>>> print(open('structure.cif').read())   # mmCIF, C-alpha atoms
data_work
#
loop_
_atom_site.label_atom_id
_atom_site.label_comp_id
_atom_site.auth_asym_id
_atom_site.auth_seq_id
_atom_site.Cartn_x
_atom_site.Cartn_y
_atom_site.Cartn_z
CA ALA A 163 -36.68 -27.69 280.71
CA ALA A 164 -40.07 -26.05 281.17
CA PRO A 165 -42.77 -28.77 281.26
CA TRP A 166 -44.71 -27.30 278.31
CA LEU A 167 -41.68 -27.92 276.08
CA SER A 168 -41.89 -31.47 274.76
CA GLU A 169 -38.90 -33.79 274.48
CA ASP A 170 -39.00 -33.22 270.74
CA ASP A 171 -38.95 -29.43 271.29
CA VAL A 172 -35.87 -29.75 273.51
CA ARG A 173 -34.06 -31.99 271.01
CA LYS A 174 -34.70 -29.54 268.20
CA MET A 175 -33.64 -26.55 270.32
CA LEU A 176 -30.35 -28.29 271.13
CA LEU A 177 -29.86 -29.07 267.44
CA LEU A 178 -30.52 -25.47 266.44
CA ALA A 179 -28.30 -24.01 269.15
CA GLY A 180 -25.31 -26.30 269.01
CA ALA A 181 -25.03 -28.47 265.91
CA GLN A 182 -22.23 -27.76 263.47
CA VAL A 183 -23.16 -25.88 260.29
CA VAL A 184 -21.97 -27.98 257.35
CA SER A 185 -23.58 -26.20 254.39
CA LYS A 186 -25.83 -23.30 253.57
CA ALA A 187 -28.13 -22.20 250.77
CA LYS A 188 -30.08 -19.08 249.89
CA LEU A 189 -33.82 -19.36 249.47
CA PRO A 190 -35.35 -17.57 246.45
CA ALA A 191 -37.34 -14.43 247.36
CA HIS A 192 -36.37 -14.66 251.05
CA GLY A 193 -33.83 -11.84 251.28
CA GLN A 194 -31.30 -12.36 254.06
CA VAL A 195 -32.77 -15.67 255.20
CA LEU A 196 -30.40 -18.64 254.87
CA GLN A 197 -31.14 -22.33 255.00
CA VAL A 198 -28.30 -24.09 256.82
CA ALA A 199 -27.70 -27.83 257.13
CA LEU A 200 -26.61 -29.09 260.54
CA ALA A 201 -24.56 -32.04 261.74
CA PRO A 202 -25.86 -33.37 265.09
CA LEU A 203 -23.20 -34.47 267.56
CA GLN A 204 -24.56 -38.01 267.57
CA GLN A 205 -25.80 -38.76 264.10
CA GLY A 206 -26.62 -42.18 262.74
CA GLY A 207 -26.40 -43.16 259.09
CA ASP A 208 -24.48 -45.33 256.66
CA GLY A 209 -21.28 -43.30 256.84
CA ARG A 210 -21.53 -41.69 253.39
CA ALA A 211 -21.51 -37.93 252.93
CA GLU A 212 -25.00 -36.46 252.73
CA SER A 213 -25.99 -33.64 250.42
CA HIS A 214 -27.50 -30.41 251.73
CA GLY A 215 -30.94 -31.46 250.53
CA GLU A 216 -30.70 -34.92 252.10
CA ARG A 217 -29.84 -33.42 255.50
CA CYS A 218 -32.82 -31.07 255.24
CA GLN A 219 -35.18 -33.92 254.34
CA ARG A 220 -34.03 -35.74 257.48
CA GLY A 221 -34.91 -32.71 259.61
CA PHE A 222 -31.35 -31.46 260.14
CA CYS A 223 -31.77 -27.95 258.74
CA SER A 224 -32.70 -24.55 260.06
CA LEU A 225 -33.65 -21.19 258.63
CA VAL A 226 -31.35 -18.46 259.88
CA LYS A 227 -33.41 -15.29 259.98
CA ARG A 228 -32.50 -11.61 260.14
CA THR A 229 -31.29 -10.21 263.43
CA ASP A 230 -34.44 -8.06 263.54
CA ASP A 231 -36.55 -11.25 263.62
CA TRP A 232 -35.58 -12.02 267.25
CA PHE A 233 -39.27 -11.76 268.27
CA GLU A 234 -39.84 -15.09 266.50
CA VAL A 235 -38.00 -16.83 269.36
CA PHE A 236 -40.31 -15.14 271.86
CA ALA A 237 -43.27 -16.25 269.71
CA PHE A 238 -42.22 -19.91 269.90
CA HIS A 239 -42.21 -19.82 273.71
CA LEU A 240 -45.53 -17.93 273.81
CA ASP A 241 -47.03 -20.63 271.57
CA ARG A 242 -45.94 -23.39 273.95
CA VAL A 243 -46.91 -21.58 277.16
CA LEU A 244 -50.41 -20.98 275.76
CA GLY A 245 -50.73 -24.63 274.77
CA LEU A 246 -51.24 -23.86 271.06
CA ASN A 247 -48.36 -26.07 269.83
CA ARG A 248 -48.41 -24.87 266.24
CA SER A 249 -45.09 -22.99 265.89
CA LEU A 250 -41.76 -24.45 264.86
CA PRO A 251 -38.95 -24.53 267.47
CA ALA A 252 -36.71 -21.47 267.41
CA VAL A 253 -33.62 -20.32 269.30
CA LEU A 254 -31.25 -17.38 269.21
CA ARG A 255 -27.83 -18.54 268.11
CA THR A 256 -24.47 -16.80 268.07
CA PHE A 257 -22.76 -17.13 264.71
CA ARG A 258 -19.06 -16.38 264.44
CA SER A 259 -19.50 -13.23 262.39
CA GLN A 260 -18.38 -9.67 263.02
CA VAL A 261 -21.41 -8.39 261.13
CA LEU A 262 -24.13 -10.55 262.73
CA PRO A 263 -23.24 -11.58 266.28
CA TYR A 264 -26.52 -13.45 266.79
CA ARG A 265 -29.52 -14.43 264.69
CA PRO A 266 -32.70 -16.40 265.27
CA ALA A 267 -32.61 -19.96 263.96
CA VAL A 268 -35.90 -21.73 263.24
CA TRP A 269 -36.20 -25.47 262.61
CA TRP A 270 -36.91 -26.22 258.95
CA ASP A 271 -39.78 -28.70 258.68
CA PRO A 272 -39.41 -30.92 255.59
CA ASP A 273 -43.04 -32.06 255.84
CA ILE A 274 -44.66 -28.67 255.21
CA GLN A 275 -46.81 -28.72 252.11
CA HIS A 276 -46.25 -25.98 249.52
CA LEU A 277 -48.31 -25.14 246.45
CA ALA A 278 -46.57 -25.84 243.14
CA SER A 279 -47.12 -22.30 241.88
CA ARG A 280 -44.00 -20.15 242.21
CA ASP A 281 -46.23 -17.14 242.81
CA ASN A 282 -48.04 -18.83 245.71
CA ASP A 283 -45.55 -21.30 247.18
CA GLN A 284 -45.84 -19.78 250.66
CA ASN A 285 -49.25 -21.39 251.08
CA SER A 286 -50.43 -24.97 251.38
CA VAL A 287 -53.84 -23.93 250.06
CA PRO A 288 -54.92 -20.86 248.09
CA LEU A 289 -57.22 -18.81 250.28
CA SER A 290 -58.80 -15.40 249.77
CA TRP A 291 -60.21 -13.19 252.51
CA VAL A 292 -63.75 -13.72 251.18
CA ARG A 293 -63.43 -17.52 251.20
CA TYR A 294 -61.81 -17.40 254.64
CA GLN A 295 -64.84 -15.58 256.05
CA LYS A 296 -67.15 -18.10 254.38
CA LEU A 297 -65.33 -21.11 255.82
CA LEU A 298 -65.40 -19.58 259.31
CA ARG A 299 -69.19 -19.48 259.04
CA SER A 300 -69.25 -23.06 257.67
CA ARG A 301 -67.45 -24.55 260.73
CA CYS A 302 -65.38 -26.97 258.66
CA GLY A 303 -65.00 -30.40 260.21
CA ILE A 304 -67.94 -29.72 262.56
CA ASP A 305 -70.99 -28.67 260.53
CA THR A 306 -69.38 -29.07 257.10
CA GLY A 307 -66.98 -31.65 255.66
CA LEU A 308 -63.32 -30.65 255.70
CA TRP A 309 -63.20 -30.63 251.90
CA ALA A 310 -66.76 -29.49 251.17
CA GLU A 311 -67.04 -26.04 249.63
CA PRO A 312 -65.88 -23.53 250.91
CA CYS A 313 -63.59 -25.55 253.24
CA VAL A 314 -59.95 -26.24 252.35
CA GLY A 315 -59.22 -29.27 254.57
CA ILE A 316 -58.32 -27.29 257.71
CA HIS A 317 -60.38 -27.87 260.87
CA HIS A 318 -62.50 -25.00 262.16
CA SER A 319 -60.74 -24.94 265.54
CA GLU A 320 -57.41 -24.01 263.93
CA TRP A 321 -58.54 -20.52 262.99
CA GLY A 322 -59.27 -19.56 266.60
CA ARG A 323 -55.73 -20.56 267.57
CA LEU A 324 -54.30 -18.55 264.69
CA ALA A 325 -56.39 -15.44 265.38
CA LEU A 326 -55.46 -15.38 269.09
CA PHE A 327 -51.76 -15.98 268.40
CA ASP A 328 -51.52 -13.37 265.65
CA PHE A 329 -53.39 -10.78 267.71
CA LEU A 330 -51.08 -11.18 270.71
CA LEU A 331 -47.98 -10.87 268.52
CA GLN A 332 -49.60 -8.46 266.03
CA VAL A 333 -48.54 -10.65 263.12
CA ASN A 334 -50.47 -9.22 260.19
CA ASP A 335 -48.72 -11.06 257.36
CA ARG A 336 -51.08 -14.06 257.35
CA LEU A 337 -54.55 -12.61 257.76
CA ASP A 338 -54.01 -8.92 256.95
CA ARG A 339 -50.94 -8.55 254.75
CA TYR A 340 -52.56 -5.48 253.15
CA CYS A 341 -52.62 -3.67 256.53
CA CYS A 342 -56.37 -2.97 256.31
CA GLY A 343 -56.95 -3.21 260.07
CA PHE A 344 -54.41 -0.75 261.49
CA SER A 345 -52.35 2.33 260.63
CA PRO A 346 -48.99 1.05 259.32
CA ASP A 347 -45.68 2.85 259.44
CA PRO A 348 -44.75 4.42 256.06
CA THR A 349 -41.82 1.99 255.82
CA GLU A 350 -44.09 -1.09 256.01
CA PRO A 351 -44.03 -3.30 252.89
CA CYS A 352 -47.82 -2.95 252.56
CA VAL A 353 -47.34 0.83 252.18
CA GLU A 354 -44.23 0.74 250.01
CA ASN A 355 -45.84 -1.84 247.70
CA MET A 356 -49.17 0.04 247.70
CA LEU A 357 -51.06 -3.00 248.98
CA GLN A 358 -53.32 -0.86 251.16
CA ALA A 359 -54.99 0.44 248.02
CA LYS A 360 -56.69 -2.97 247.71
CA CYS A 361 -58.40 -2.76 251.11
CA GLY A 362 -61.54 -1.34 249.55
CA SER A 363 -62.14 -4.53 247.57
CA SER A 364 -62.37 -7.70 249.67
CA GLN A 365 -62.32 -9.82 246.49
CA ASP A 366 -58.68 -8.83 245.88
CA LEU A 367 -57.37 -9.77 249.33
CA GLN A 368 -55.37 -12.99 249.72
CA LEU A 369 -54.09 -14.79 252.84
CA VAL A 370 -50.41 -15.77 253.06
CA HIS A 371 -48.48 -18.39 255.04
CA ILE A 372 -51.50 -20.64 255.47
CA LEU A 373 -49.48 -23.82 255.87
CA VAL A 374 -50.07 -27.42 256.93
CA ARG A 375 -48.01 -30.60 257.11
CA LYS A 376 -48.48 -33.32 254.51
CA ALA A 377 -48.89 -35.86 257.31
CA ASP A 378 -51.49 -33.75 259.17
CA PRO A 379 -53.25 -31.48 256.67
CA SER A 380 -56.13 -30.46 258.94
CA ARG A 381 -53.82 -28.61 261.38
CA LEU A 382 -52.04 -25.33 260.71
CA VAL A 383 -48.33 -24.68 261.13
CA PHE A 384 -47.39 -21.15 262.21
CA ILE A 385 -44.27 -19.71 260.52
CA ASP A 386 -42.75 -16.23 260.24
CA ASN A 387 -44.04 -15.17 263.65
CA SER A 388 -41.82 -12.16 264.36
CA GLY A 389 -44.80 -9.79 264.53
CA ARG A 390 -44.65 -6.32 266.09
CA PRO A 391 -43.23 -6.23 269.61
CA HIS A 392 -43.67 -2.46 269.92
CA GLN A 393 -47.11 -1.94 268.34
CA SER A 394 -49.01 0.58 270.46
CA ILE A 395 -52.13 -0.52 272.31
CA ASP A 396 -54.27 2.07 270.46
CA ASN A 397 -53.22 0.76 267.03
CA LEU A 398 -53.93 -2.96 267.37
CA ASP A 399 -55.12 -4.86 264.31
CA PHE A 400 -58.61 -6.18 265.13
CA ARG A 401 -59.02 -7.44 261.58
CA LEU A 402 -56.98 -10.43 262.77
CA VAL A 403 -59.96 -11.61 264.84
CA GLU A 404 -62.66 -10.65 262.34
CA GLY A 405 -65.09 -13.47 261.67
CA VAL A 406 -64.59 -15.06 265.08
CA SER A 407 -68.14 -14.32 266.05
CA GLU A 408 -69.86 -17.30 267.64
CA ARG A 409 -71.73 -16.21 270.75
CA ASP A 410 -72.38 -17.67 274.18
CA GLU A 411 -74.27 -15.58 276.71
CA SER A 412 -72.75 -17.54 279.64
CA ALA A 413 -69.07 -17.04 278.70
CA GLN A 414 -66.89 -16.61 281.79
CA PHE A 415 -63.20 -16.96 282.61
CA GLY A 416 -61.35 -18.51 285.47
CA ASN A 417 -59.21 -16.11 287.47
CA VAL A 418 -56.63 -18.31 289.11
CA CYS A 419 -53.23 -19.57 288.00
CA TYR A 420 -52.95 -23.11 286.72
CA PRO A 421 -52.16 -25.81 289.27
CA SER A 422 -48.65 -27.15 288.75
CA SER A 423 -50.00 -30.63 288.01
CA TRP A 424 -51.94 -29.24 285.06
CA ILE A 425 -49.13 -27.02 283.78
CA GLY A 426 -47.02 -30.14 283.49
CA ARG A 427 -49.49 -31.53 280.98
CA MET A 428 -49.69 -28.41 278.80
CA GLY A 429 -47.48 -29.87 276.09
CA ALA A 430 -49.82 -32.81 275.59
CA GLU A 431 -52.61 -32.47 273.06
CA GLY A 432 -55.01 -34.33 275.29
CA GLY A 433 -54.63 -32.11 278.36
CA SER A 434 -57.53 -29.99 279.57
CA GLY A 435 -57.46 -26.73 281.45
CA PRO A 436 -59.31 -25.33 284.43
CA GLU A 437 -63.06 -25.80 284.31
CA LEU A 438 -64.82 -22.85 282.70
CA SER A 439 -68.55 -22.51 282.12
CA VAL A 440 -68.28 -22.60 278.31
CA PRO A 441 -69.18 -25.94 276.69
CA VAL A 442 -68.18 -25.30 273.06
CA ALA A 443 -65.64 -22.95 271.58
CA ARG A 444 -63.88 -20.78 269.00
CA PHE A 445 -60.97 -19.11 270.73
CA PRO A 446 -58.97 -21.83 272.54
CA GLU A 447 -60.02 -22.07 276.17
CA ARG A 448 -56.63 -23.13 277.49
CA ALA A 449 -54.86 -20.12 275.99
CA ALA A 450 -57.56 -17.71 277.21
CA SER A 451 -57.22 -19.18 280.70
CA VAL A 452 -53.46 -18.54 280.73
CA LEU A 453 -54.07 -14.93 279.69
CA GLN A 454 -56.70 -14.52 282.40
CA SER A 455 -54.67 -16.24 285.13
CA GLY A 456 -52.09 -13.50 285.66
CA CYS A 457 -49.35 -16.12 285.32
CA LEU A 458 -48.19 -15.33 281.78
CA GLU A 459 -45.16 -13.33 282.91
CA SER A 460 -43.79 -16.00 285.25
CA LEU A 461 -44.47 -18.81 282.76
CA LEU A 462 -42.79 -16.97 279.90
CA LEU A 463 -39.77 -15.99 281.98
CA ARG A 464 -39.30 -19.62 282.97
CA SER A 465 -39.62 -20.75 279.36
CA LEU A 466 -37.37 -18.08 277.85
CA TYR A 467 -34.66 -18.83 280.42
CA THR A 468 -34.12 -22.16 278.65
CA ASP A 469 -32.63 -20.20 275.72
CA ARG A 470 -29.67 -18.54 277.39
CA GLU A 471 -28.53 -16.72 274.24
CA PHE A 472 -31.94 -15.08 273.91
CA TRP A 473 -32.20 -14.44 277.65
CA GLU A 474 -28.88 -12.63 277.83
CA SER A 475 -29.31 -10.74 274.54
CA ARG A 476 -32.58 -9.21 275.80
CA GLY A 477 -31.19 -8.22 279.20
CA GLY A 478 -32.54 -11.12 281.27
CA ALA A 479 -35.72 -10.84 283.30
CA ASP A 480 -35.48 -7.06 283.68
CA GLY A 481 -35.19 -6.59 279.93
CA LEU A 482 -37.94 -9.07 279.08
CA ARG A 483 -40.61 -7.93 281.55
CA PRO A 484 -41.63 -4.80 279.55
CA LEU A 485 -42.03 -6.95 276.43
CA ILE A 486 -44.08 -9.58 278.25
CA ARG A 487 -46.28 -6.94 279.87
CA SER A 488 -46.95 -5.42 276.47
CA VAL A 489 -48.22 -8.81 275.26
CA GLU A 490 -50.22 -9.18 278.51
CA ARG A 491 -51.95 -5.86 277.80
CA ARG A 492 -52.89 -7.11 274.34
CA GLY A 493 -54.23 -10.24 275.99
CA LYS A 494 -56.43 -8.14 278.29
CA VAL A 495 -57.74 -6.23 275.28
CA LEU A 496 -58.56 -9.52 273.54
CA LEU A 497 -60.28 -10.95 276.64
CA GLN A 498 -62.39 -7.80 276.90
CA HIS A 499 -63.25 -8.17 273.21
CA ILE A 500 -64.38 -11.77 273.89
CA ARG A 501 -66.52 -10.63 276.85
CA ASP A 502 -68.03 -7.66 275.03
CA LYS A 503 -69.16 -9.83 272.15
CA ASN A 504 -70.06 -12.85 274.32
CA LEU A 505 -67.84 -15.06 272.17
CA GLN A 506 -67.43 -18.75 272.81
CA LEU A 507 -64.21 -20.45 273.83
CA ARG A 508 -63.13 -23.78 272.45
CA ARG A 509 -62.51 -26.64 274.89
CA ASP A 510 -59.18 -28.19 273.86
CA GLN A 511 -59.47 -31.73 272.59
#
>>> encode(input="structure.cif", output="structure tokens")
Amino acid sequence: AAPWLSEDDVRKMLLLAGAQVVSKAKLPAHGQVLQVALAPLQQGGDGRAESHGERCQRGFCSLVKRTDDWFEVFAFHLDRVLGLNRSLPAVLRTFRSQVLPYRPAVWWDPDIQHLASRDNDQNSVPLSWVRYQKLLRSRCGIDTGLWAEPCVGIHHSEWGRLALFDFLLQVNDRLDRYCCGFSPDPTEPCVENMLQAKCGSSQDLQLVHILVRKADPSRLVFIDNSGRPHQSIDNLDFRLVEGVSERDESAQFGNVCYPSSWIGRMGAEGGSGPELSVPVARFPERAASVLQSGCLESLLLRSLYTDREFWESRGGADGLRPLIRSVERRGKVLLQHIRDKNLQLRRDQ
């Protein structure tokens, strides 16, 4: 496997790709998404039959997404290559169906914290756009306590990871579900549901899919990462990086690929990247260095090759290169944005 994929990532990918489906359930308000329970080939236990819910609580479930959500598999590998390590493992799996020959399967994490409200159960914390901008300025966990107003228990460094990731994928659902920062297609839900009409009033804007684990509530978990693979370069959503505004007049980037010895440590939280001249940070330094290095294409091709279903469904390296280069162009736009505004990078801890 690629060295930035942890042993746990590989185990979960094998589970998602090959374990037998033993039961399935529909999730309320999730359309075509199914939750399926899986039976690992080598499963311990007391021999009794487990219910669907019990299997899910043990981590043996996946969410089977729509065929159109294939970009979520790409997003998982991008997350690992950049050293963000916030997305849930995902693979493309062939299901024995004449209607849906293959669908993305994402590991279902039983530890994700959901609000009790049925109207807001896709968040771990309620968060408006106005409060989000306030907590960015408060530097929660650095200058302000994690739970001191306006903070919500999430460390300041997490938002830089999220902004970079969502910008590269053009995922607007978390930070800009109202499509205030770009020109959406008329078929977009934000247009059909007339959400754009709220863009003139920041007080009415809410963030969605702001999720954490119960065991680690200061770190975000990135879900629903399918984004927009074909968004044009002149219609990128810069609202996704709004509020990331700390400055450093000496900000510079390295311009060489990572040494292999360092790439091998990318999956570890404690690894550090090439030395840059930025001491403190907002956007994650390691991820910015990968974007600057010119190595993103080769790293992603190596990573995506580990999912043979995905690799073959997208036409192998020749089919994937245009997609990767599109993301690389977005990365160059983001790096130029960081330079133009003299923004700080965050040294990974």
>>> resolve_selection(input="structure.cif", expression="the PyMOL selection byres ((chain A and resi 458) around 10)", output="ChimeraX atom specification")
/A:240,243-244,419,451-457,459-464,486-487,489-490,493
>>> resolve_selection(input="structure.cif", expression="the PyMOL selection byres ((chain A and resi 313) around 10)", output="number ranges by chain")
A: 289, 293-294, 296-298, 300-303, 306-312, 314-318
>>> write_last_selection(input="structure.cif", atoms="C-alpha atoms", output="mmCIF file, in the frame of the given file")
data_model
loop_
_atom_site.group_PDB
_atom_site.id
_atom_site.type_symbol
_atom_site.label_atom_id
_atom_site.label_comp_id
_atom_site.auth_asym_id
_atom_site.auth_seq_id
_atom_site.Cartn_x
_atom_site.Cartn_y
_atom_site.Cartn_z
ATOM 1 C CA LEU A 289 -57.220 -18.810 250.280
ATOM 2 C CA ARG A 293 -63.430 -17.520 251.200
ATOM 3 C CA TYR A 294 -61.810 -17.400 254.640
ATOM 4 C CA LYS A 296 -67.150 -18.100 254.380
ATOM 5 C CA LEU A 297 -65.330 -21.110 255.820
ATOM 6 C CA LEU A 298 -65.400 -19.580 259.310
ATOM 7 C CA SER A 300 -69.250 -23.060 257.670
ATOM 8 C CA ARG A 301 -67.450 -24.550 260.730
ATOM 9 C CA CYS A 302 -65.380 -26.970 258.660
ATOM 10 C CA GLY A 303 -65.000 -30.400 260.210
ATOM 11 C CA THR A 306 -69.380 -29.070 257.100
ATOM 12 C CA GLY A 307 -66.980 -31.650 255.660
ATOM 13 C CA LEU A 308 -63.320 -30.650 255.700
ATOM 14 C CA TRP A 309 -63.200 -30.630 251.900
ATOM 15 C CA ALA A 310 -66.760 -29.490 251.170
ATOM 16 C CA GLU A 311 -67.040 -26.040 249.630
ATOM 17 C CA PRO A 312 -65.880 -23.530 250.910
ATOM 18 C CA VAL A 314 -59.950 -26.240 252.350
ATOM 19 C CA GLY A 315 -59.220 -29.270 254.570
ATOM 20 C CA ILE A 316 -58.320 -27.290 257.710
ATOM 21 C CA HIS A 317 -60.380 -27.870 260.870
ATOM 22 C CA HIS A 318 -62.500 -25.000 262.160
#
>>> resolve_selection(input="structure.cif", expression="the PyMOL selection byres ((chain A and resi 235) around 12)", output="ChimeraX atom specification")
/A:175,178,226-234,236-242,249-255,265-269,331,385-389,391,462,465-473,475-476
>>> closest_residue(input="structure.cif", among="A:Ile500, A:Val184, A:Leu398, A:Ala201", to="Ser345 of chain A", atoms="all atoms listed in the file")
A:Leu398
>>> closest_residue(input="structure.cif", among="A:Ser168, A:Gln358, A:Thr256, A:Ser380", to="Ser286 of chain A", atoms="only C-alpha atoms")
A:Ser380
>>> residues_around(input="structure.cif", residues="Gln368 of chain A", least_positions_apart="6", cutoff="9 Å", atoms="only C-alpha atoms", output="list in words")
Pro288, Leu289, Ser290, Trp291, Val292, Arg336, Leu337, Asp338, Arg339 and Tyr340 of chain A
>>> atom_distance(input="structure.cif", atom1="atom CA of Cys342 of chain A", atom2="atom CA of Cys361 of chain A")
5.6 Å
>>> closest_residue(input="structure.cif", among="A:Val403, A:Ala450, A:Val353, A:Leu369", to="Asp328 of chain A", atoms="only C-alpha atoms")
A:Val403
>>> atom_distance(input="structure.cif", atom1="atom CA of Val406 of chain A", atom2="atom CA of Val374 of chain A")
20.7 Å
>>> atom_distance(input="structure.cif", atom1="atom CA of Asp283 of chain A", atom2="atom CA of Val198 of chain A")
20.0 Å
>>> closest_residue(input="structure.cif", among="A:Pro165, A:Ser185, A:Arg299, A:Asn247", to="Gly405 of chain A", atoms="only C-alpha atoms")
A:Arg299
